[in-house]
Amino acid sequence: MARHIYVHNPFCARKCPYCDFYSVTDPSFIGAFYKAAIKETLFIGSVIDDASGTNPVTDTDGKDTVYFGGGTPSLPDSDLICSLLNEICKSFDIASDAEITIEANPSSVTSEKLSDYRHAGFNRISLGVQSLDDNVLRTLQRLHDSKGAVEAIRKIGNAGFNNISADLITGVPGETLEGICKDIKTFHDLGIKHISTYSLMLEEGTPFYDRYSKTIEEYVPQETERAMYHGTRDYLQSLGYETYEISNSALPGYKSIHNSAYWNSCEYFSIGAGAHGFLGDMRYGHRDDVMAYIDEMNEITSDDYKAFLEGNKIGLKSLYSEEVLTKEDKMREVPFLRLRTTEGIILDEFFKVFGVKFEDVFGKAVKTNIENGLLERKERTLRLTRSGLDLANKVIEDFL
Ligand code: SF4
């Protein structure tokens, strides 16, 4: 059974004003954090036979995946990152054809680091470009400019990476559809295989929330934002990128296997402060607290870790159980996760896993949303229509 591992690097050089991912800017704990992450890897490795990586809904394509996200994983010295990956590959017995991704920022990725990543086994880079328009990058207060982003993409290619993903943020004040399409064309011409386009979200507690939450409609009216979404998607398609999930598009053969594992309800292990995982019936997390994480990994034993994964250890500083899922919870997660994908809900798979027809559980929500033109049935799948994509959250709410 394929194994999936997520590592959260909780360090950034500077906090972006729109971001609510967990990260800190004090680098003094980086070394201790990576030592703790190796300890956690060894703990999991010692109990791994009991945690099999089962896949309750549908398999991805059977490949193992490791994903270093954050935060900014390209910020720490590459020897810290590569030593942890090495330990993960040994402890989890990661297959040689695994998809192994690291997120990187143009301002911190160097040719030396990229060469080290490649030798350590990383084969996919996800680059946080966000825009190739310097005005938009200034609004986002990113540490790089467009020239730096293009240079970073070239360096990544020169280091031997073929599987490169780039992120774009849409709906930023001052951004236009023409500008986004120009960025996409540049990505295409530079050989980018996968493009993630995220709508700017105003998350409470961030400086952008204070600045724009009351006025965003003046800068980017909702119709403009939606027109941008559909225009971006149509343009991606015209260049051969298939949008396989609301925010993700890829050339044939380059979908993210790791992210697909999330949408397919696969189990995944997690390592690091701020990381979340899913094993058996339990969704679990590590608190957003680097010091608590470092202390905990230095204090507990592998027996403690095993007890936690078995649901028997409470009162830990960092690890906590978020939710123990019942069969009904797992059924409800299927529309929550699968309606984000363009493939949608595979009705026969649902029956195979849960022994009950999807329509027998969610008949009312299915009927109403089909009548309202937000859902469509295609062969044995159920998915959002073009209008449904604009109201995805509302449709999904009907199933919760
Ligand atoms: S670099 Fe990425 S993770 Fe770090 S603050 Fe900015 S958006 Fe958030």
# chains A, B, ... in the order shown; residues from 1 in each chain; ligands from 1
$ closest_atom_pairs --of "chain A" --to "ligand 1" --cutoff "8 Å" --atoms "only C-alpha atoms and all ligand atoms" --output "tab-separated table"
residue	atom	partner	partner_atom_place_in_ligand_line	distance
A:Phe11	CA	ligand 1	4 (Fe)	7.1
A:Cys12	CA	ligand 1	4 (Fe)	4.7
A:Ala13	CA	ligand 1	1 (S)	7.2
A:Arg14	CA	ligand 1	5 (S)	6.1
A:Lys15	CA	ligand 1	5 (S)	3.9
A:Cys16	CA	ligand 1	6 (Fe)	4.1
A:Pro17	CA	ligand 1	5 (S)	7.4
A:Tyr18	CA	ligand 1	7 (S)	7.1
A:Cys19	CA	ligand 1	8 (Fe)	4.5
A:Asp20	CA	ligand 1	8 (Fe)	6.6
A:Phe21	CA	ligand 1	8 (Fe)	5.6
A:Tyr22	CA	ligand 1	3 (S)	7.2
A:Ser23	CA	ligand 1	4 (Fe)	6.4
A:Gly70	CA	ligand 1	3 (S)	5.4
A:Gly71	CA	ligand 1	3 (S)	3.7
A:Thr72	CA	ligand 1	4 (Fe)	5.5
A:Asn105	CA	ligand 1	1 (S)	6.9
A:Gly128	CA	ligand 1	2 (Fe)	7.1
A:Arg142	CA	ligand 1	6 (Fe)	7.2
$ write_last_selection --atoms "N, CA and C atoms" --output "PDB file, in the first residue's frame"
ATOM      1  N   PHE A  11       9.308  27.522   9.254  1.00  0.00           N
ATOM      2  CA  PHE A  11      10.153  28.722   9.261  1.00  0.00           C
ATOM      3  C   PHE A  11      10.011  29.488   7.941  1.00  0.00           C
ATOM      4  N   CYS A  12       9.950  30.804   8.045  1.00  0.00           N
ATOM      5  CA  CYS A  12       9.942  31.692   6.874  1.00  0.00           C
ATOM      6  C   CYS A  12      10.907  32.836   7.154  1.00  0.00           C
ATOM      7  N   ALA A  13      11.427  33.431   6.082  1.00  0.00           N
ATOM      8  CA  ALA A  13      12.337  34.569   6.265  1.00  0.00           C
ATOM      9  C   ALA A  13      11.559  35.783   6.767  1.00  0.00           C
ATOM     10  N   ARG A  14      10.330  35.924   6.282  1.00  0.00           N
ATOM     11  CA  ARG A  14       9.481  37.036   6.690  1.00  0.00           C
ATOM     12  C   ARG A  14       8.037  36.592   6.519  1.00  0.00           C
ATOM     13  N   LYS A  15       7.135  37.135   7.316  1.00  0.00           N
ATOM     14  CA  LYS A  15       5.738  36.703   7.233  1.00  0.00           C
ATOM     15  C   LYS A  15       5.022  37.520   6.154  1.00  0.00           C
ATOM     16  N   CYS A  16       4.414  36.855   5.177  1.00  0.00           N
ATOM     17  CA  CYS A  16       3.650  37.568   4.144  1.00  0.00           C
ATOM     18  C   CYS A  16       2.321  38.030   4.755  1.00  0.00           C
ATOM     19  N   PRO A  17       1.842  39.217   4.376  1.00  0.00           N
ATOM     20  CA  PRO A  17       0.698  39.820   5.087  1.00  0.00           C
ATOM     21  C   PRO A  17      -0.647  39.130   4.861  1.00  0.00           C
ATOM     22  N   TYR A  18      -0.710  38.180   3.906  1.00  0.00           N
ATOM     23  CA  TYR A  18      -1.981  37.504   3.616  1.00  0.00           C
ATOM     24  C   TYR A  18      -1.997  36.062   4.150  1.00  0.00           C
ATOM     25  N   CYS A  19      -0.864  35.612   4.712  1.00  0.00           N
ATOM     26  CA  CYS A  19      -0.694  34.184   4.976  1.00  0.00           C
ATOM     27  C   CYS A  19      -1.081  33.795   6.391  1.00  0.00           C
ATOM     28  N   ASP A  20      -1.859  32.713   6.524  1.00  0.00           N
ATOM     29  CA  ASP A  20      -2.157  32.234   7.880  1.00  0.00           C
ATOM     30  C   ASP A  20      -1.628  30.809   8.110  1.00  0.00           C
ATOM     31  N   PHE A  21      -0.712  30.358   7.234  1.00  0.00           N
ATOM     32  CA  PHE A  21      -0.050  29.074   7.523  1.00  0.00           C
ATOM     33  C   PHE A  21       0.861  29.264   8.721  1.00  0.00           C
ATOM     34  N   TYR A  22       1.058  28.189   9.470  1.00  0.00           N
ATOM     35  CA  TYR A  22       1.910  28.345  10.649  1.00  0.00           C
ATOM     36  C   TYR A  22       3.380  28.426  10.243  1.00  0.00           C
ATOM     37  N   SER A  23       4.019  29.535  10.621  1.00  0.00           N
ATOM     38  CA  SER A  23       5.473  29.647  10.473  1.00  0.00           C
ATOM     39  C   SER A  23       5.972  30.753  11.384  1.00  0.00           C
ATOM     40  N   GLY A  70       5.300  24.086   3.915  1.00  0.00           N
ATOM     41  CA  GLY A  70       5.570  25.027   5.006  1.00  0.00           C
ATOM     42  C   GLY A  70       4.621  26.191   5.008  1.00  0.00           C
ATOM     43  N   GLY A  71       5.191  27.282   5.543  1.00  0.00           N
ATOM     44  CA  GLY A  71       6.572  27.667   5.759  1.00  0.00           C
ATOM     45  C   GLY A  71       7.372  27.678   4.442  1.00  0.00           C
ATOM     46  N   THR A  72       8.650  27.803   4.605  1.00  0.00           N
ATOM     47  CA  THR A  72       9.553  27.853   3.454  1.00  0.00           C
ATOM     48  C   THR A  72      10.628  26.782   3.600  1.00  0.00           C
ATOM     49  N   ASN A 105      10.944  28.883  -2.318  1.00  0.00           N
ATOM     50  CA  ASN A 105      10.674  30.280  -2.655  1.00  0.00           C
ATOM     51  C   ASN A 105      11.821  30.809  -3.506  1.00  0.00           C
ATOM     52  N   GLY A 128       6.918  28.923  -5.074  1.00  0.00           N
ATOM     53  CA  GLY A 128       5.937  29.956  -4.690  1.00  0.00           C
ATOM     54  C   GLY A 128       6.196  31.254  -5.436  1.00  0.00           C
ATOM     55  N   ARG A 142       6.121  40.205  -1.314  1.00  0.00           N
ATOM     56  CA  ARG A 142       7.004  39.051  -1.448  1.00  0.00           C
ATOM     57  C   ARG A 142       8.461  39.507  -1.453  1.00  0.00           C
TER      58      ARG A 142
END
$ residues_around --residues "range 75-81 of chain A" --least-positions-apart "2" --cutoff "7 Å" --atoms "only C-alpha atoms" --output "PDB file with N, CA, C and O atoms, in the first residue's frame"
ATOM      1  N   CYS A  12       9.950  30.804   8.045  1.00  0.00           N
ATOM      2  CA  CYS A  12       9.942  31.692   6.874  1.00  0.00           C
ATOM      3  C   CYS A  12      10.907  32.836   7.154  1.00  0.00           C
ATOM      4  O   CYS A  12      11.131  33.186   8.319  1.00  0.00           O
ATOM      5  N   TYR A  34      14.970  20.373  13.309  1.00  0.00           N
ATOM      6  CA  TYR A  34      15.231  19.243  12.405  1.00  0.00           C
ATOM      7  C   TYR A  34      15.725  18.002  13.147  1.00  0.00           C
ATOM      8  O   TYR A  34      15.450  16.871  12.741  1.00  0.00           O
ATOM      9  N   THR A  72       8.650  27.803   4.605  1.00  0.00           N
ATOM     10  CA  THR A  72       9.553  27.853   3.454  1.00  0.00           C
ATOM     11  C   THR A  72      10.628  26.782   3.600  1.00  0.00           C
ATOM     12  O   THR A  72      11.691  27.037   4.189  1.00  0.00           O
ATOM     13  N   PRO A  73      10.392  25.591   3.056  1.00  0.00           N
ATOM     14  CA  PRO A  73      11.397  24.528   3.215  1.00  0.00           C
ATOM     15  C   PRO A  73      12.716  24.821   2.518  1.00  0.00           C
ATOM     16  O   PRO A  73      13.724  24.192   2.839  1.00  0.00           O
ATOM     17  N   SER A  83      19.068  15.388   5.211  1.00  0.00           N
ATOM     18  CA  SER A  83      19.218  14.344   6.241  1.00  0.00           C
ATOM     19  C   SER A  83      17.843  13.834   6.667  1.00  0.00           C
ATOM     20  O   SER A  83      17.652  12.633   6.875  1.00  0.00           O
ATOM     21  N   LEU A  84      16.891  14.754   6.807  1.00  0.00           N
ATOM     22  CA  LEU A  84      15.548  14.311   7.202  1.00  0.00           C
ATOM     23  C   LEU A  84      14.931  13.445   6.099  1.00  0.00           C
ATOM     24  O   LEU A  84      14.353  12.390   6.386  1.00  0.00           O
ATOM     25  N   LEU A  85      15.080  13.868   4.852  1.00  0.00           N
ATOM     26  CA  LEU A  85      14.511  13.047   3.776  1.00  0.00           C
ATOM     27  C   LEU A  85      15.148  11.660   3.773  1.00  0.00           C
ATOM     28  O   LEU A  85      14.458  10.646   3.625  1.00  0.00           O
ATOM     29  N   SER A 108      14.982  32.146  -1.668  1.00  0.00           N
ATOM     30  CA  SER A 108      15.886  31.346  -0.832  1.00  0.00           C
ATOM     31  C   SER A 108      16.433  30.102  -1.526  1.00  0.00           C
ATOM     32  O   SER A 108      17.261  29.393  -0.956  1.00  0.00           O
ATOM     33  N   LYS A 113      21.677  24.407  -3.251  1.00  0.00           N
ATOM     34  CA  LYS A 113      20.612  23.687  -2.539  1.00  0.00           C
ATOM     35  C   LYS A 113      19.889  22.738  -3.496  1.00  0.00           C
ATOM     36  O   LYS A 113      19.602  21.589  -3.163  1.00  0.00           O
ATOM     37  N   ASP A 116      21.780  19.657  -4.080  1.00  0.00           N
ATOM     38  CA  ASP A 116      21.689  18.771  -2.906  1.00  0.00           C
ATOM     39  C   ASP A 116      20.326  18.059  -2.864  1.00  0.00           C
ATOM     40  O   ASP A 116      20.244  16.858  -2.579  1.00  0.00           O
TER      41      ASP A 116
END
$ residues_around --residues "range 154-160 of chain A" --least-positions-apart "6" --cutoff "12 Å" --atoms "only C-alpha atoms" --output "number ranges by chain"
A: 102-106, 109-119, 121-127, 147-148, 166, 186-187, 189-193
$ closest_residue --among "A:Phe92, A:Tyr254, A:Phe354, A:Tyr6" --to "Ser46 in chain A" --atoms "only C-alpha atoms"
A:Phe92
$ residues_around --residues "Arg383 in chain A" --least-positions-apart "3" --cutoff "9 Å" --atoms "only C-alpha atoms" --output "PDB file with N, CA and C atoms, in the first residue's frame"
ATOM      1  N   ARG A 338     -13.955  15.229  -2.570  1.00  0.00           N
ATOM      2  CA  ARG A 338     -13.982  14.867  -3.995  1.00  0.00           C
ATOM      3  C   ARG A 338     -14.644  15.913  -4.888  1.00  0.00           C
ATOM      4  N   LEU A 339     -15.547  16.731  -4.320  1.00  0.00           N
ATOM      5  CA  LEU A 339     -16.187  17.731  -5.190  1.00  0.00           C
ATOM      6  C   LEU A 339     -15.216  18.830  -5.594  1.00  0.00           C
ATOM      7  N   ARG A 340     -14.074  18.905  -4.935  1.00  0.00           N
ATOM      8  CA  ARG A 340     -13.048  19.865  -5.361  1.00  0.00           C
ATOM      9  C   ARG A 340     -12.344  19.384  -6.641  1.00  0.00           C
ATOM     10  N   THR A 341     -12.456  18.088  -6.922  1.00  0.00           N
ATOM     11  CA  THR A 341     -11.765  17.552  -8.099  1.00  0.00           C
ATOM     12  C   THR A 341     -12.704  17.563  -9.301  1.00  0.00           C
ATOM     13  N   THR A 342     -12.128  17.672 -10.486  1.00  0.00           N
ATOM     14  CA  THR A 342     -13.005  17.686 -11.664  1.00  0.00           C
ATOM     15  C   THR A 342     -13.521  16.283 -11.972  1.00  0.00           C
ATOM     16  N   GLU A 343     -12.846  15.264 -11.460  1.00  0.00           N
ATOM     17  CA  GLU A 343     -13.360  13.901 -11.644  1.00  0.00           C
ATOM     18  C   GLU A 343     -14.644  13.716 -10.831  1.00  0.00           C
ATOM     19  N   GLY A 344     -14.711  14.367  -9.685  1.00  0.00           N
ATOM     20  CA  GLY A 344     -15.914  14.302  -8.849  1.00  0.00           C
ATOM     21  C   GLY A 344     -16.003  13.032  -8.010  1.00  0.00           C
ATOM     22  N   ILE A 345     -17.218  12.730  -7.594  1.00  0.00           N
ATOM     23  CA  ILE A 345     -17.449  11.556  -6.737  1.00  0.00           C
ATOM     24  C   ILE A 345     -17.708  10.348  -7.631  1.00  0.00           C
ATOM     25  N   LEU A 374     -26.033  23.153 -10.254  1.00  0.00           N
ATOM     26  CA  LEU A 374     -24.706  23.267  -9.642  1.00  0.00           C
ATOM     27  C   LEU A 374     -23.936  21.948  -9.645  1.00  0.00           C
ATOM     28  N   LEU A 375     -24.684  20.854  -9.779  1.00  0.00           N
ATOM     29  CA  LEU A 375     -24.061  19.523  -9.842  1.00  0.00           C
ATOM     30  C   LEU A 375     -24.532  18.840 -11.114  1.00  0.00           C
ATOM     31  N   GLU A 376     -23.685  17.950 -11.660  1.00  0.00           N
ATOM     32  CA  GLU A 376     -24.132  17.158 -12.812  1.00  0.00           C
ATOM     33  C   GLU A 376     -23.667  15.718 -12.635  1.00  0.00           C
ATOM     34  N   ARG A 377     -24.500  14.815 -13.176  1.00  0.00           N
ATOM     35  CA  ARG A 377     -24.131  13.405 -13.134  1.00  0.00           C
ATOM     36  C   ARG A 377     -23.574  13.063 -14.513  1.00  0.00           C
ATOM     37  N   LYS A 378     -22.388  12.509 -14.533  1.00  0.00           N
ATOM     38  CA  LYS A 378     -21.809  12.115 -15.815  1.00  0.00           C
ATOM     39  C   LYS A 378     -21.368  10.667 -15.665  1.00  0.00           C
ATOM     40  N   GLY A 388     -21.456  25.583 -10.643  1.00  0.00           N
ATOM     41  CA  GLY A 388     -21.218  24.986  -9.324  1.00  0.00           C
ATOM     42  C   GLY A 388     -19.827  25.320  -8.792  1.00  0.00           C
TER      43      GLY A 388
END
$ select_by_dssp --residues "range 112-269 of chain A" --states "helix (DSSP H, G or I)" --output "ChimeraX atom specification"
/A:112-120,134-139,146-158,177-189,207-212,216-219,222-238,257-263
$ atom_distance --atom1 "CA of Val361 in chain A" --atom2 "CA of Pro335 in chain A"
11.4 Å
$ closest_residue --among "A:Arg3, A:Ser165, A:Met331, A:Leu236" --to "Lys352 in chain A" --atoms "only C-alpha atoms"
A:Met331
$ closest_residue --among "A:Phe29, A:Phe208, A:Tyr262, A:Phe336" --to "His4 in chain A" --atoms "only C-alpha atoms"
A:Tyr262
$ residues_around --residues "Leu319 in chain A" --least-positions-apart "5" --cutoff "9 Å" --atoms "only C-alpha atoms" --output "JSON, numbers by chain"
{"A": [273, 284, 285, 286, 287, 293, 296, 308, 314]}
$ residues_around --residues "Arg283 in chain A" --least-positions-apart "5" --cutoff "9 Å" --atoms "only C-alpha atoms" --output "ChimeraX atom specification"
/A:276-278,321-325
$ write_last_selection --atoms "N, CA, C and O atoms" --output "PDB file, in the first residue's frame"
ATOM      1  N   HIS A 276      -0.420  18.218   9.947  1.00  0.00           N
ATOM      2  CA  HIS A 276      -1.616  17.435  10.250  1.00  0.00           C
ATOM      3  C   HIS A 276      -1.564  16.112   9.502  1.00  0.00           C
ATOM      4  O   HIS A 276      -1.053  16.058   8.382  1.00  0.00           O
ATOM      5  N   GLY A 277      -2.103  15.066  10.123  1.00  0.00           N
ATOM      6  CA  GLY A 277      -2.074  13.750   9.505  1.00  0.00           C
ATOM      7  C   GLY A 277      -3.415  13.038   9.633  1.00  0.00           C
ATOM      8  O   GLY A 277      -4.341  13.528  10.297  1.00  0.00           O
ATOM      9  N   PHE A 278      -3.491  11.870   9.012  1.00  0.00           N
ATOM     10  CA  PHE A 278      -4.728  11.074   9.035  1.00  0.00           C
ATOM     11  C   PHE A 278      -4.328   9.599   9.036  1.00  0.00           C
ATOM     12  O   PHE A 278      -3.722   9.119   8.072  1.00  0.00           O
ATOM     13  N   SER A 321      -5.149  14.724  19.042  1.00  0.00           N
ATOM     14  CA  SER A 321      -6.140  14.122  18.151  1.00  0.00           C
ATOM     15  C   SER A 321      -7.184  15.181  17.822  1.00  0.00           C
ATOM     16  O   SER A 321      -7.760  15.782  18.720  1.00  0.00           O
ATOM     17  N   GLU A 322      -7.397  15.438  16.526  1.00  0.00           N
ATOM     18  CA  GLU A 322      -8.385  16.459  16.138  1.00  0.00           C
ATOM     19  C   GLU A 322      -9.777  15.867  16.113  1.00  0.00           C
ATOM     20  O   GLU A 322     -10.753  16.504  16.494  1.00  0.00           O
ATOM     21  N   GLU A 323      -9.860  14.617  15.635  1.00  0.00           N
ATOM     22  CA  GLU A 323     -11.178  14.031  15.431  1.00  0.00           C
ATOM     23  C   GLU A 323     -11.022  12.536  15.185  1.00  0.00           C
ATOM     24  O   GLU A 323     -10.086  12.117  14.507  1.00  0.00           O
ATOM     25  N   VAL A 324     -11.904  11.751  15.800  1.00  0.00           N
ATOM     26  CA  VAL A 324     -11.940  10.327  15.469  1.00  0.00           C
ATOM     27  C   VAL A 324     -13.189  10.129  14.616  1.00  0.00           C
ATOM     28  O   VAL A 324     -14.314  10.416  15.048  1.00  0.00           O
ATOM     29  N   LEU A 325     -12.975   9.689  13.387  1.00  0.00           N
ATOM     30  CA  LEU A 325     -14.076   9.680  12.421  1.00  0.00           C
ATOM     31  C   LEU A 325     -14.935   8.433  12.539  1.00  0.00           C
ATOM     32  O   LEU A 325     -14.425   7.310  12.632  1.00  0.00           O
TER      33      LEU A 325
END
